[in-house]
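Containing TSV, C-alpha atoms (C1' of nucleotides): structure18.tsv.
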```
chain	number	residue	atom	x	y	z
A	1	MET	CA	0.00	0.00	0.00
A	2	THR	CA	1.33	3.46	-0.84
A	3	ILE	CA	1.31	6.35	1.58
A	4	ALA	CA	-1.51	7.96	-0.38
A	5	GLN	CA	-3.63	4.86	-0.06
A	6	VAL	CA	-3.07	4.65	3.67
A	7	ALA	CA	-3.86	8.34	3.94
A	8	GLN	CA	-7.07	7.77	2.07
A	9	ARG	CA	-8.00	4.81	4.20
A	10	THR	CA	-7.23	6.34	7.59
A	11	GLY	CA	-8.25	9.91	6.93
A	12	LEU	CA	-4.80	11.17	7.86
A	13	THR	CA	-2.64	13.11	5.42
A	14	ALA	CA	0.61	11.73	4.02
A	15	HIS	CA	2.31	14.53	5.97
A	16	THR	CA	0.81	13.27	9.18
A	17	LEU	CA	1.73	9.67	8.44
A	18	ARG	CA	5.38	10.65	8.01
A	19	TYR	CA	5.16	12.75	11.16
A	20	TYR	CA	3.74	9.83	13.13
A	21	GLU	CA	6.57	7.66	11.92
A	22	ARG	CA	9.22	10.30	12.74
A	23	THR	CA	7.83	10.78	16.19
A	24	GLY	CA	7.99	7.10	17.02
A	25	LEU	CA	4.42	5.91	16.67
A	26	MET	CA	5.03	3.06	14.25
A	27	LEU	CA	5.85	-0.41	15.46
A	28	GLU	CA	8.63	-0.38	12.93
A	29	PRO	CA	9.33	1.81	9.93
A	30	PRO	CA	7.33	0.57	6.96
A	31	PRO	CA	9.39	-1.28	4.36
A	32	ARG	CA	10.47	0.56	1.22
A	33	GLY	CA	10.00	-0.31	-2.41
A	34	GLY	CA	12.90	-0.15	-4.87
A	35	ASN	CA	12.24	3.53	-5.47
A	36	GLY	CA	12.56	4.33	-1.77
A	37	HIS	CA	8.82	4.83	-1.35
A	38	ARG	CA	7.08	3.46	1.71
A	39	ARG	CA	5.11	0.29	1.15
A	40	TYR	CA	2.75	-0.09	4.05
A	41	THR	CA	1.66	-3.57	5.02
A	42	GLU	CA	-1.84	-4.48	6.06
A	43	ARG	CA	-0.55	-4.69	9.62
A	44	ASP	CA	0.82	-1.13	9.35
A	45	ALA	CA	-2.54	0.10	8.14
A	46	ASP	CA	-4.34	-1.65	11.00
A	47	TRP	CA	-1.95	-0.19	13.52
A	48	ILE	CA	-2.44	3.30	12.11
A	49	ALA	CA	-6.19	2.82	12.24
A	50	LEU	CA	-5.86	1.97	15.92
A	51	LEU	CA	-3.72	5.06	16.47
A	52	THR	CA	-6.34	7.28	14.87
A	53	ARG	CA	-9.00	5.90	17.16
A	54	LEU	CA	-6.89	6.43	20.24
A	55	ARG	CA	-6.08	9.91	18.99
A	56	ALA	CA	-9.75	10.66	18.36
A	57	SER	CA	-10.50	9.85	21.96
A	58	GLY	CA	-7.98	12.47	22.96
A	59	MET	CA	-4.93	10.40	23.75
A	60	PRO	CA	-1.85	12.63	23.52
A	61	ILE	CA	0.88	11.78	21.04
A	62	ALA	CA	3.29	11.18	23.93
A	63	ALA	CA	1.03	8.47	25.38
A	64	MET	CA	0.61	6.88	21.99
A	65	ARG	CA	4.38	6.83	21.71
A	66	ARG	CA	4.62	5.05	25.05
A	67	TYR	CA	1.99	2.62	23.88
A	68	ALA	CA	3.93	1.96	20.69
A	69	GLU	CA	7.11	1.36	22.67
A	70	LEU	CA	5.29	-1.15	24.83
A	71	ALA	CA	3.80	-2.85	21.81
A	72	ARG	CA	7.28	-3.27	20.35
A	73	ARG	CA	8.25	-5.20	23.44
A	74	GLY	CA	5.69	-7.87	22.63
A	75	ARG	CA	3.75	-10.15	24.99
A	76	ASP	CA	5.73	-9.01	28.01
A	77	SER	CA	4.03	-5.64	27.96
A	78	TYR	CA	0.42	-6.76	28.01
A	79	VAL	CA	-0.05	-5.68	31.58
A	80	ALA	CA	1.61	-2.31	30.99
A	81	ARG	CA	-0.39	-1.73	27.84
A	82	LYS	CA	-3.59	-2.59	29.60
A	83	GLU	CA	-2.73	-0.19	32.38
A	84	LEU	CA	-1.94	2.55	29.93
A	85	LEU	CA	-5.27	2.13	28.20
A	86	GLU	CA	-7.10	1.95	31.51
A	87	ALA	CA	-5.49	5.20	32.59
A	88	HIS	CA	-6.55	6.72	29.31
A	89	ARG	CA	-10.07	5.46	29.72
A	90	ALA	CA	-10.27	6.96	33.17
A	91	ASP	CA	-9.02	10.27	31.77
A	92	VAL	CA	-11.62	10.30	29.05
A	93	ILE	CA	-14.44	9.42	31.41
A	94	ALA	CA	-13.35	12.16	33.78
A	95	LYS	CA	-13.22	14.57	30.87
A	96	ILE	CA	-16.72	13.63	29.80
A	97	GLU	CA	-18.02	14.20	33.31
A	98	GLN	CA	-16.21	17.51	33.44
A	99	LEU	CA	-17.73	18.58	30.14
A	100	ARG	CA	-21.19	17.61	31.33
A	101	SER	CA	-20.86	19.66	34.46
A	102	ASP	CA	-19.25	22.65	32.75
A	103	LEU	CA	-22.09	22.58	30.27
A	104	GLU	CA	-24.57	23.42	32.99
A	105	ILE	CA	-23.61	27.06	32.95
A	106	ALA	CA	-24.48	27.25	29.24
A	107	ASP	CA	-27.81	25.55	29.93
A	108	TYR	CA	-28.53	27.99	32.69
A	109	LYS	CA	-27.67	30.98	30.54
A	110	ILE	CA	-29.67	29.70	27.60
A	111	ASP	CA	-32.66	29.38	29.85
A	112	LEU	CA	-32.11	32.86	31.19
A	113	TYR	CA	-31.97	34.36	27.71
A	114	SER	CA	-35.08	32.45	26.72
A	115	ARG	CA	-36.99	34.03	29.55
A	116	ARG	CA	-35.60	37.46	28.82
A	117	ILE	CA	-36.48	37.15	25.15
A	118	ARG	CA	-40.04	36.22	26.11
A	119	GLY	CA	-40.03	39.34	28.26
A	120	GLU	CA	-40.44	37.57	31.56
A	121	GLU	CA	-37.75	39.67	33.18
B	1	MET	CA	-10.35	43.84	43.85
B	2	THR	CA	-6.75	43.52	42.70
B	3	ILE	CA	-5.65	41.33	39.83
B	4	ALA	CA	-4.11	38.90	42.30
B	5	GLN	CA	-7.39	38.55	44.16
B	6	VAL	CA	-9.32	37.90	40.98
B	7	ALA	CA	-6.67	35.39	39.93
B	8	GLN	CA	-7.06	33.67	43.27
B	9	ARG	CA	-10.80	33.63	43.03
B	10	THR	CA	-11.08	32.42	39.44
B	11	GLY	CA	-8.12	30.09	39.31
B	12	LEU	CA	-6.60	31.99	36.40
B	13	THR	CA	-3.20	33.64	36.60
B	14	ALA	CA	-2.72	37.40	36.48
B	15	HIS	CA	-0.99	36.82	33.15
B	16	THR	CA	-4.07	35.13	31.78
B	17	LEU	CA	-6.37	37.83	33.09
B	18	ARG	CA	-4.37	40.48	31.24
B	19	TYR	CA	-4.32	38.29	28.16
B	20	TYR	CA	-8.10	37.88	28.27
B	21	GLU	CA	-8.48	41.61	28.50
B	22	ARG	CA	-6.04	42.24	25.63
B	23	THR	CA	-7.79	39.76	23.44
B	24	GLY	CA	-11.17	41.36	23.92
B	25	LEU	CA	-12.93	39.15	26.41
B	26	MET	CA	-13.83	41.81	28.96
B	27	LEU	CA	-17.05	43.75	28.72
B	28	GLU	CA	-14.97	46.83	29.30
B	29	PRO	CA	-11.44	47.34	30.58
B	30	PRO	CA	-11.48	47.27	34.38
B	31	PRO	CA	-11.07	50.69	36.00
B	32	ARG	CA	-7.66	51.68	37.32
B	33	GLY	CA	-6.64	52.90	40.74
B	34	GLY	CA	-4.44	55.96	41.16
B	35	ASN	CA	-1.32	53.86	40.78
B	36	GLY	CA	-2.46	52.53	37.41
B	37	HIS	CA	-3.32	49.12	38.83
B	38	ARG	CA	-6.49	47.37	37.73
B	39	ARG	CA	-9.34	47.51	40.23
B	40	TYR	CA	-11.77	44.82	39.26
B	41	THR	CA	-15.40	45.29	40.19
B	42	GLU	CA	-17.63	42.52	41.47
B	43	ARG	CA	-19.25	42.50	38.05
B	44	ASP	CA	-15.86	42.00	36.40
B	45	ALA	CA	-15.16	39.07	38.66
B	46	ASP	CA	-18.54	37.51	37.91
B	47	TRP	CA	-17.99	37.93	34.19
B	48	ILE	CA	-14.56	36.32	34.42
B	49	ALA	CA	-16.04	33.45	36.40
B	50	LEU	CA	-18.53	32.92	33.59
B	51	LEU	CA	-15.71	33.00	31.05
B	52	THR	CA	-13.81	30.32	32.92
B	53	ARG	CA	-16.83	28.07	32.94
B	54	LEU	CA	-17.41	28.51	29.23
B	55	ARG	CA	-13.72	27.91	28.66
B	56	ALA	CA	-13.78	24.78	30.79
B	57	SER	CA	-16.50	23.38	28.60
B	58	GLY	CA	-14.20	23.83	25.64
B	59	MET	CA	-15.45	27.06	24.13
B	60	PRO	CA	-12.67	28.54	22.01
B	61	ILE	CA	-11.35	32.01	22.83
B	62	ALA	CA	-12.68	33.30	19.50
B	63	ALA	CA	-16.23	32.29	20.41
B	64	MET	CA	-15.90	33.83	23.84
B	65	ARG	CA	-14.77	37.02	22.14
B	66	ARG	CA	-17.88	36.98	19.97
B	67	TYR	CA	-19.97	36.38	23.06
B	68	ALA	CA	-18.34	39.34	24.79
B	69	GLU	CA	-18.97	41.55	21.79
B	70	LEU	CA	-22.63	40.59	21.84
B	71	ALA	CA	-22.86	41.17	25.56
B	72	ARG	CA	-21.49	44.68	25.09
B	73	ARG	CA	-24.39	45.39	22.77
B	74	GLY	CA	-26.84	44.85	25.62
B	75	ARG	CA	-30.41	43.59	25.50
B	76	ASP	CA	-30.53	43.68	21.71
B	77	SER	CA	-28.23	40.70	21.52
B	78	TYR	CA	-30.15	38.27	23.72
B	79	VAL	CA	-31.23	36.20	20.76
B	80	ALA	CA	-27.74	36.13	19.26
B	81	ARG	CA	-26.17	35.25	22.58
B	82	LYS	CA	-28.66	32.49	23.14
B	83	GLU	CA	-27.92	31.12	19.68
B	84	LEU	CA	-24.20	31.24	20.31
B	85	LEU	CA	-24.57	29.30	23.54
B	86	GLU	CA	-26.91	26.81	21.91
B	87	ALA	CA	-24.39	26.20	19.15
B	88	HIS	CA	-21.75	25.68	21.79
B	89	ARG	CA	-23.93	23.30	23.70
B	90	ALA	CA	-24.54	21.29	20.56
B	91	ASP	CA	-20.79	21.19	19.93
B	92	VAL	CA	-20.07	19.94	23.42
B	93	ILE	CA	-22.77	17.29	23.28
B	94	ALA	CA	-21.44	16.08	19.94
B	95	LYS	CA	-17.97	15.99	21.37
B	96	ILE	CA	-19.12	13.93	24.34
B	97	GLU	CA	-20.81	11.46	22.03
B	98	GLN	CA	-17.68	11.30	19.91
B	99	LEU	CA	-15.54	10.62	22.96
B	100	ARG	CA	-17.88	7.88	24.11
B	101	SER	CA	-17.72	6.16	20.80
B	102	ASP	CA	-13.98	6.58	20.35
B	103	LEU	CA	-13.53	5.13	23.80
B	104	GLU	CA	-14.92	1.81	22.64
B	105	ILE	CA	-11.66	0.85	20.99
B	106	ALA	CA	-9.86	1.29	24.30
B	107	ASP	CA	-12.50	-0.83	26.05
B	108	TYR	CA	-12.13	-3.49	23.43
B	109	LYS	CA	-8.35	-3.52	23.72
B	110	ILE	CA	-8.43	-3.55	27.50
B	111	ASP	CA	-10.66	-6.56	27.37
B	112	LEU	CA	-8.37	-8.24	24.88
B	113	TYR	CA	-5.33	-7.68	27.06
B	114	SER	CA	-7.23	-8.97	30.09
B	115	ARG	CA	-7.90	-12.22	28.32
B	116	ARG	CA	-4.38	-12.50	27.05
B	117	ILE	CA	-2.98	-11.85	30.49
B	118	ARG	CA	-5.18	-14.59	31.89
B	119	GLY	CA	-3.76	-16.79	29.17
B	120	GLU	CA	-7.00	-17.39	27.33
B	121	GLU	CA	-5.43	-16.72	23.95
C	1	DA	C1'	17.23	56.14	51.83
C	2	DT	C1'	16.52	51.61	50.40
C	3	DT	C1'	14.46	47.51	49.83
C	4	DT	C1'	10.51	44.70	49.02
C	5	DG	C1'	6.65	43.54	46.62
C	6	DA	C1'	2.73	44.19	43.77
C	7	DC	C1'	1.69	45.90	39.86
C	8	DT	C1'	2.39	47.91	34.75
C	9	DT	C1'	3.69	47.32	29.52
C	10	DA	C1'	5.24	45.38	24.97
C	11	DG	C1'	6.52	41.65	23.17
C	12	DA	C1'	8.89	37.05	23.07
C	13	DG	C1'	8.51	32.09	23.86
C	14	DC	C1'	6.37	27.60	24.47
C	15	DG	C1'	3.99	22.95	23.93
C	16	DC	C1'	1.04	20.54	21.10
C	17	DG	C1'	-0.15	18.56	16.84
C	18	DC	C1'	0.10	19.05	12.87
C	19	DT	C1'	1.06	21.29	8.08
C	20	DC	C1'	3.73	22.82	4.67
C	21	DC	C1'	7.94	24.10	1.91
C	22	DA	C1'	12.11	23.45	-0.89
C	23	DA	C1'	14.75	20.67	-3.23
C	24	DC	C1'	15.30	16.43	-4.82
C	25	DT	C1'	14.65	11.50	-7.04
C	26	DC	C1'	12.21	8.34	-9.67
C	27	DC	C1'	9.12	6.44	-13.05
C	28	DC	C1'	6.04	6.52	-16.79
C	29	DA	C1'	3.34	8.51	-20.82
C	30	DG	C1'	3.56	11.05	-24.93
D	1	DC	C1'	13.76	13.63	-24.09
D	2	DT	C1'	10.32	16.08	-21.78
D	3	DG	C1'	6.81	16.73	-18.62
D	4	DG	C1'	3.93	15.33	-14.96
D	5	DG	C1'	2.95	13.00	-10.88
D	6	DA	C1'	4.04	10.65	-6.80
D	7	DG	C1'	7.10	10.03	-3.63
D	8	DT	C1'	11.55	11.40	-0.56
D	9	DT	C1'	14.09	14.44	3.14
D	10	DG	C1'	15.19	18.09	6.72
D	11	DG	C1'	13.48	21.60	8.65
D	12	DA	C1'	10.46	25.73	8.99
D	13	DG	C1'	5.90	27.56	10.08
D	14	DC	C1'	1.33	27.77	12.10
D	15	DG	C1'	-2.85	28.23	15.25
D	16	DC	C1'	-4.21	27.93	19.81
D	17	DG	C1'	-3.98	29.32	24.45
D	18	DC	C1'	-1.49	30.55	27.34
D	19	DT	C1'	3.05	31.79	29.92
D	20	DC	C1'	6.82	34.31	30.82
D	21	DT	C1'	10.56	38.03	30.52
D	22	DA	C1'	12.43	42.58	30.81
D	23	DA	C1'	12.23	46.87	32.23
D	24	DG	C1'	9.82	50.04	34.58
D	25	DT	C1'	6.56	52.50	38.27
D	26	DC	C1'	4.78	53.09	42.68
D	27	DA	C1'	3.71	52.54	47.79
D	28	DA	C1'	4.56	50.87	52.16
D	29	DA	C1'	7.96	48.97	55.57
D	30	DT	C1'	12.59	49.26	57.65
```

Would you mind writing the file out in C-alpha cells?
Amino acid sequence: MTIAQVAQRTGLTAHTLRYYERTGLMLEPPPRGGNGHRRYTERDADWIALLTRLRASGMPIAAMRRYAELARRGRDSYVARKELLEAHRADVIAKIEQLRSDLEIADYKIDLYSRRIRGEE
Amino acid sequence: MTIAQVAQRTGLTAHTLRYYERTGLMLEPPPRGGNGHRRYTERDADWIALLTRLRASGMPIAAMRRYAELARRGRDSYVARKELLEAHRADVIAKIEQLRSDLEIADYKIDLYSRRIRGEE
DNA sequence: ATTTGACTTAGAGCGCGCTCCAACTCCCAG
DNA sequence: CTGGGAGTTGGAGCGCGCTCTAAGTCAAAT
C-alpha cells in the first residue's frame, strides 16, 4: 500500500503519516520499495487505524508513543499496555463528566436568555 | 479587587487575566486605581467566572470574544447570545458522544489484554 | 534612603499537533 | 527527451492558548 492509499484509508494526510513515523508511533518503519517509497503492510494500516482511534478519543501523542514502545516489546508488555489504556479510559471518562458539568452554565444561561427574550424579566 | 485577588478567586493567573483583557474578552477594561493598577469590580469578577466556565466546557477564545462583543451590545443581543450558547452546547454534546464512541476501541483492547494476560489466547 | 513587593507594559517564547515548503529522485506517458 | 505526478528528506511555520521576561513605576515597611 502506498502512503496515499493509507492516507485515504485512515483519513490522515501523508504529511501526518510521516510525522507519526518520525515521532515514534510506528511499530517499525514501513518497508520501502525499490524507489525508496514506503510500502505499508496491512498490519501497518491496521496499527495506524488503531492510532487514529486512540487519537480521536484524545490520547496525547506522547502516550501513543509510550503505547507503541510497549507494543514493540511484545507479549511481556500486556499488563503495561492494559494499564496505559485503563489510565486513558479513566481520563476520558473524567473529561466527559467535566464537560457535562461545565455545560450546565451554558444551559442555565440559555434558559435565562429564553426568559428574557419572552419578556419575563 | 486587585488582579491577584481575581486570579485567586477564578483560578486563572494574572498573566491570563491580562491576556483575556487584551484579546477582547472583557465587557470593558477594568477601571484603574491611582497607581495605574487594575481595580476589578464585582461585576468584572462575575464575568470572568462565567468565562472560565465557558472555557472549561471547551469554548474557544474566539467564540468567547464573539460572546463578549454581543454582551457589550446589551439587550438587543439576547437572541444572538442564546444562539451562540446553543451552538456551543450542541458542539459539546457532539464531542461527548464522539468521545464515548472513540472510547470503545480502548475498552475493546483492554478486554483483549485482560484475556491474554489470563492466558485465554 | 533603600528595599521589598505588587503591579504595569510590549513583546517574546512555548507545547502541542500538525502542516507545509524546498529541493530532490524516480518512473512513466507522450 | 520532456513533462507530470508521486514520492523522498530536513526543517520551517502555524494556530491555539497561554506563559513568561524585561524593564519600569509606585507605595509601604525598615

> chain B residues within 12 Å of chain C, counting all atoms listed in the file: which ones, as a ChimeraX atom specification?
Replying inline: /B:2-5,14-15,18,22,32-39

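Between CA of Gln98 in chain A and CA of Ala56 in chain B the separation is 8.1 Å.
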
Once chain A has been least-squares superposed onto chain B, matching all their Cα atoms in order, can you return it as a PDB file with C-alpha atoms, keeping the file's coordinate frame?
```pdb
ATOM      1  CA  MET A   1     -10.358  43.870  43.855  1.00  0.00           C
ATOM      2  CA  THR A   2      -6.749  43.569  42.699  1.00  0.00           C
ATOM      3  CA  ILE A   3      -5.647  41.371  39.842  1.00  0.00           C
ATOM      4  CA  ALA A   4      -4.097  38.949  42.315  1.00  0.00           C
ATOM      5  CA  GLN A   5      -7.360  38.605  44.171  1.00  0.00           C
ATOM      6  CA  VAL A   6      -9.296  37.936  40.997  1.00  0.00           C
ATOM      7  CA  ALA A   7      -6.647  35.434  39.975  1.00  0.00           C
ATOM      8  CA  GLN A   8      -7.023  33.711  43.294  1.00  0.00           C
ATOM      9  CA  ARG A   9     -10.779  33.674  43.058  1.00  0.00           C
ATOM     10  CA  THR A  10     -11.067  32.452  39.473  1.00  0.00           C
ATOM     11  CA  GLY A  11      -8.101  30.127  39.347  1.00  0.00           C
ATOM     12  CA  LEU A  12      -6.615  32.023  36.422  1.00  0.00           C
ATOM     13  CA  THR A  13      -3.196  33.652  36.608  1.00  0.00           C
ATOM     14  CA  ALA A  14      -2.715  37.419  36.500  1.00  0.00           C
ATOM     15  CA  HIS A  15      -0.977  36.818  33.161  1.00  0.00           C
ATOM     16  CA  THR A  16      -4.060  35.146  31.803  1.00  0.00           C
ATOM     17  CA  LEU A  17      -6.358  37.865  33.100  1.00  0.00           C
ATOM     18  CA  ARG A  18      -4.347  40.506  31.242  1.00  0.00           C
ATOM     19  CA  TYR A  19      -4.318  38.284  28.169  1.00  0.00           C
ATOM     20  CA  TYR A  20      -8.092  37.881  28.298  1.00  0.00           C
ATOM     21  CA  GLU A  21      -8.466  41.622  28.516  1.00  0.00           C
ATOM     22  CA  ARG A  22      -6.019  42.243  25.636  1.00  0.00           C
ATOM     23  CA  THR A  23      -7.780  39.747  23.459  1.00  0.00           C
ATOM     24  CA  GLY A  24     -11.157  41.370  23.929  1.00  0.00           C
ATOM     25  CA  LEU A  25     -12.916  39.151  26.433  1.00  0.00           C
ATOM     26  CA  MET A  26     -13.825  41.810  28.974  1.00  0.00           C
ATOM     27  CA  LEU A  27     -17.047  43.743  28.734  1.00  0.00           C
ATOM     28  CA  GLU A  28     -14.966  46.822  29.300  1.00  0.00           C
ATOM     29  CA  PRO A  29     -11.452  47.328  30.597  1.00  0.00           C
ATOM     30  CA  PRO A  30     -11.478  47.272  34.386  1.00  0.00           C
ATOM     31  CA  PRO A  31     -11.087  50.690  35.995  1.00  0.00           C
ATOM     32  CA  ARG A  32      -7.682  51.718  37.323  1.00  0.00           C
ATOM     33  CA  GLY A  33      -6.652  52.947  40.727  1.00  0.00           C
ATOM     34  CA  GLY A  34      -4.469  56.038  41.132  1.00  0.00           C
ATOM     35  CA  ASN A  35      -1.346  53.933  40.737  1.00  0.00           C
ATOM     36  CA  GLY A  36      -2.510  52.593  37.378  1.00  0.00           C
ATOM     37  CA  HIS A  37      -3.336  49.173  38.803  1.00  0.00           C
ATOM     38  CA  ARG A  38      -6.497  47.408  37.724  1.00  0.00           C
ATOM     39  CA  ARG A  39      -9.323  47.510  40.222  1.00  0.00           C
ATOM     40  CA  TYR A  40     -11.765  44.819  39.262  1.00  0.00           C
ATOM     41  CA  THR A  41     -15.391  45.282  40.198  1.00  0.00           C
ATOM     42  CA  GLU A  42     -17.617  42.529  41.472  1.00  0.00           C
ATOM     43  CA  ARG A  43     -19.267  42.509  38.058  1.00  0.00           C
ATOM     44  CA  ASP A  44     -15.860  42.005  36.397  1.00  0.00           C
ATOM     45  CA  ALA A  45     -15.151  39.079  38.678  1.00  0.00           C
ATOM     46  CA  ASP A  46     -18.534  37.514  37.913  1.00  0.00           C
ATOM     47  CA  TRP A  47     -17.992  37.930  34.208  1.00  0.00           C
ATOM     48  CA  ILE A  48     -14.561  36.321  34.430  1.00  0.00           C
ATOM     49  CA  ALA A  49     -16.038  33.458  36.412  1.00  0.00           C
ATOM     50  CA  LEU A  50     -18.531  32.924  33.606  1.00  0.00           C
ATOM     51  CA  LEU A  51     -15.718  33.002  31.054  1.00  0.00           C
ATOM     52  CA  THR A  52     -13.802  30.332  32.939  1.00  0.00           C
ATOM     53  CA  ARG A  53     -16.825  28.077  32.945  1.00  0.00           C
ATOM     54  CA  LEU A  54     -17.403  28.527  29.246  1.00  0.00           C
ATOM     55  CA  ARG A  55     -13.709  27.927  28.676  1.00  0.00           C
ATOM     56  CA  ALA A  56     -13.773  24.789  30.815  1.00  0.00           C
ATOM     57  CA  SER A  57     -16.487  23.384  28.615  1.00  0.00           C
ATOM     58  CA  GLY A  58     -14.184  23.849  25.666  1.00  0.00           C
ATOM     59  CA  MET A  59     -15.445  27.063  24.153  1.00  0.00           C
ATOM     60  CA  PRO A  60     -12.675  28.575  22.019  1.00  0.00           C
ATOM     61  CA  ILE A  61     -11.349  32.019  22.860  1.00  0.00           C
ATOM     62  CA  ALA A  62     -12.667  33.317  19.529  1.00  0.00           C
ATOM     63  CA  ALA A  63     -16.232  32.302  20.433  1.00  0.00           C
ATOM     64  CA  MET A  64     -15.897  33.837  23.857  1.00  0.00           C
ATOM     65  CA  ARG A  65     -14.769  37.020  22.158  1.00  0.00           C
ATOM     66  CA  ARG A  66     -17.869  36.971  19.973  1.00  0.00           C
ATOM     67  CA  TYR A  67     -19.959  36.382  23.051  1.00  0.00           C
ATOM     68  CA  ALA A  68     -18.329  39.325  24.798  1.00  0.00           C
ATOM     69  CA  GLU A  69     -18.970  41.549  21.792  1.00  0.00           C
ATOM     70  CA  LEU A  70     -22.617  40.562  21.842  1.00  0.00           C
ATOM     71  CA  ALA A  71     -22.853  41.158  25.559  1.00  0.00           C
ATOM     72  CA  ARG A  72     -21.498  44.671  25.065  1.00  0.00           C
ATOM     73  CA  ARG A  73     -24.393  45.370  22.753  1.00  0.00           C
ATOM     74  CA  GLY A  74     -26.845  44.834  25.588  1.00  0.00           C
ATOM     75  CA  ARG A  75     -30.440  43.573  25.465  1.00  0.00           C
ATOM     76  CA  ASP A  76     -30.527  43.645  21.680  1.00  0.00           C
ATOM     77  CA  SER A  77     -28.222  40.662  21.486  1.00  0.00           C
ATOM     78  CA  TYR A  78     -30.140  38.245  23.670  1.00  0.00           C
ATOM     79  CA  VAL A  79     -31.224  36.171  20.728  1.00  0.00           C
ATOM     80  CA  ALA A  80     -27.728  36.100  19.234  1.00  0.00           C
ATOM     81  CA  ARG A  81     -26.181  35.230  22.567  1.00  0.00           C
ATOM     82  CA  LYS A  82     -28.655  32.460  23.100  1.00  0.00           C
ATOM     83  CA  GLU A  83     -27.898  31.095  19.666  1.00  0.00           C
ATOM     84  CA  LEU A  84     -24.195  31.229  20.301  1.00  0.00           C
ATOM     85  CA  LEU A  85     -24.552  29.290  23.521  1.00  0.00           C
ATOM     86  CA  GLU A  86     -26.898  26.799  21.898  1.00  0.00           C
ATOM     87  CA  ALA A  87     -24.371  26.195  19.146  1.00  0.00           C
ATOM     88  CA  HIS A  88     -21.737  25.682  21.790  1.00  0.00           C
ATOM     89  CA  ARG A  89     -23.930  23.288  23.689  1.00  0.00           C
ATOM     90  CA  ALA A  90     -24.537  21.272  20.565  1.00  0.00           C
ATOM     91  CA  ASP A  91     -20.785  21.161  19.944  1.00  0.00           C
ATOM     92  CA  VAL A  92     -20.069  19.926  23.425  1.00  0.00           C
ATOM     93  CA  ILE A  93     -22.765  17.278  23.294  1.00  0.00           C
ATOM     94  CA  ALA A  94     -21.458  16.071  19.955  1.00  0.00           C
ATOM     95  CA  LYS A  95     -17.966  15.978  21.402  1.00  0.00           C
ATOM     96  CA  ILE A  96     -19.132  13.933  24.357  1.00  0.00           C
ATOM     97  CA  GLU A  97     -20.826  11.448  22.057  1.00  0.00           C
ATOM     98  CA  GLN A  98     -17.708  11.290  19.936  1.00  0.00           C
ATOM     99  CA  LEU A  99     -15.555  10.625  22.980  1.00  0.00           C
ATOM    100  CA  ARG A 100     -17.896   7.885  24.134  1.00  0.00           C
ATOM    101  CA  SER A 101     -17.748   6.141  20.811  1.00  0.00           C
ATOM    102  CA  ASP A 102     -13.998   6.579  20.355  1.00  0.00           C
ATOM    103  CA  LEU A 103     -13.553   5.117  23.803  1.00  0.00           C
ATOM    104  CA  GLU A 104     -14.942   1.802  22.646  1.00  0.00           C
ATOM    105  CA  ILE A 105     -11.699   0.851  20.988  1.00  0.00           C
ATOM    106  CA  ALA A 106      -9.874   1.271  24.312  1.00  0.00           C
ATOM    107  CA  ASP A 107     -12.517  -0.849  26.035  1.00  0.00           C
ATOM    108  CA  TYR A 108     -12.147  -3.513  23.417  1.00  0.00           C
ATOM    109  CA  LYS A 109      -8.375  -3.540  23.695  1.00  0.00           C
ATOM    110  CA  ILE A 110      -8.449  -3.587  27.473  1.00  0.00           C
ATOM    111  CA  ASP A 111     -10.679  -6.606  27.332  1.00  0.00           C
ATOM    112  CA  LEU A 112      -8.387  -8.268  24.844  1.00  0.00           C
ATOM    113  CA  TYR A 113      -5.340  -7.729  27.036  1.00  0.00           C
ATOM    114  CA  SER A 114      -7.231  -9.018  30.047  1.00  0.00           C
ATOM    115  CA  ARG A 115      -7.919 -12.260  28.267  1.00  0.00           C
ATOM    116  CA  ARG A 116      -4.375 -12.534  27.003  1.00  0.00           C
ATOM    117  CA  ILE A 117      -2.981 -11.895  30.465  1.00  0.00           C
ATOM    118  CA  ARG A 118      -5.199 -14.661  31.840  1.00  0.00           C
ATOM    119  CA  GLY A 119      -3.763 -16.856  29.106  1.00  0.00           C
ATOM    120  CA  GLU A 120      -7.010 -17.425  27.284  1.00  0.00           C
ATOM    121  CA  GLU A 121      -5.403 -16.777  23.927  1.00  0.00           C
TER     122      GLU A 121
END
```

> What residues in chain A have any atom no more than 10 Å from chain B when counting only C-alpha atoms, and can you write them as a PyMOL selection string?
Replying inline: chain A and resi 50+52-58+75-86+88-89+92-93+95-107+109-117

If the cut-off is 9 Å, can you tell me the residues of chain D near chain B, counting all atoms listed in the file? I'd like them as a CSV table (one decimal) with C-alpha atoms (C1' of nucleotides), keeping the file's coordinate frame.
```
chain,number,residue,atom,x,y,z
D,16,DC,C1',-4.2,27.9,19.8
D,17,DG,C1',-4.0,29.3,24.4
D,18,DC,C1',-1.5,30.6,27.3
D,19,DT,C1',3.0,31.8,29.9
D,20,DC,C1',6.8,34.3,30.8
D,25,DT,C1',6.6,52.5,38.3
D,26,DC,C1',4.8,53.1,42.7
D,27,DA,C1',3.7,52.5,47.8
```

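Atom pair CA of Leu27 in chain B / CA of Ala68 in chain B has a distance of 6.0 Å (rounded to one decimal).
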
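Interatomic distance, CA of Tyr40 in chain A against CA of Gly11 in chain A: 15.1 Å.
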
Specify the axis-aligned box that encloses all atoms of range 20-28 of chain D listed in the file after padding of 4 Å on each side, stating its centre and edge lengths in Å to one decimal as lines of an AutoDock Vina configuration file.
```
center_x = 8.1
center_y = 43.7
center_z = 41.3
size_x = 16.7
size_y = 26.8
size_z = 29.6
```
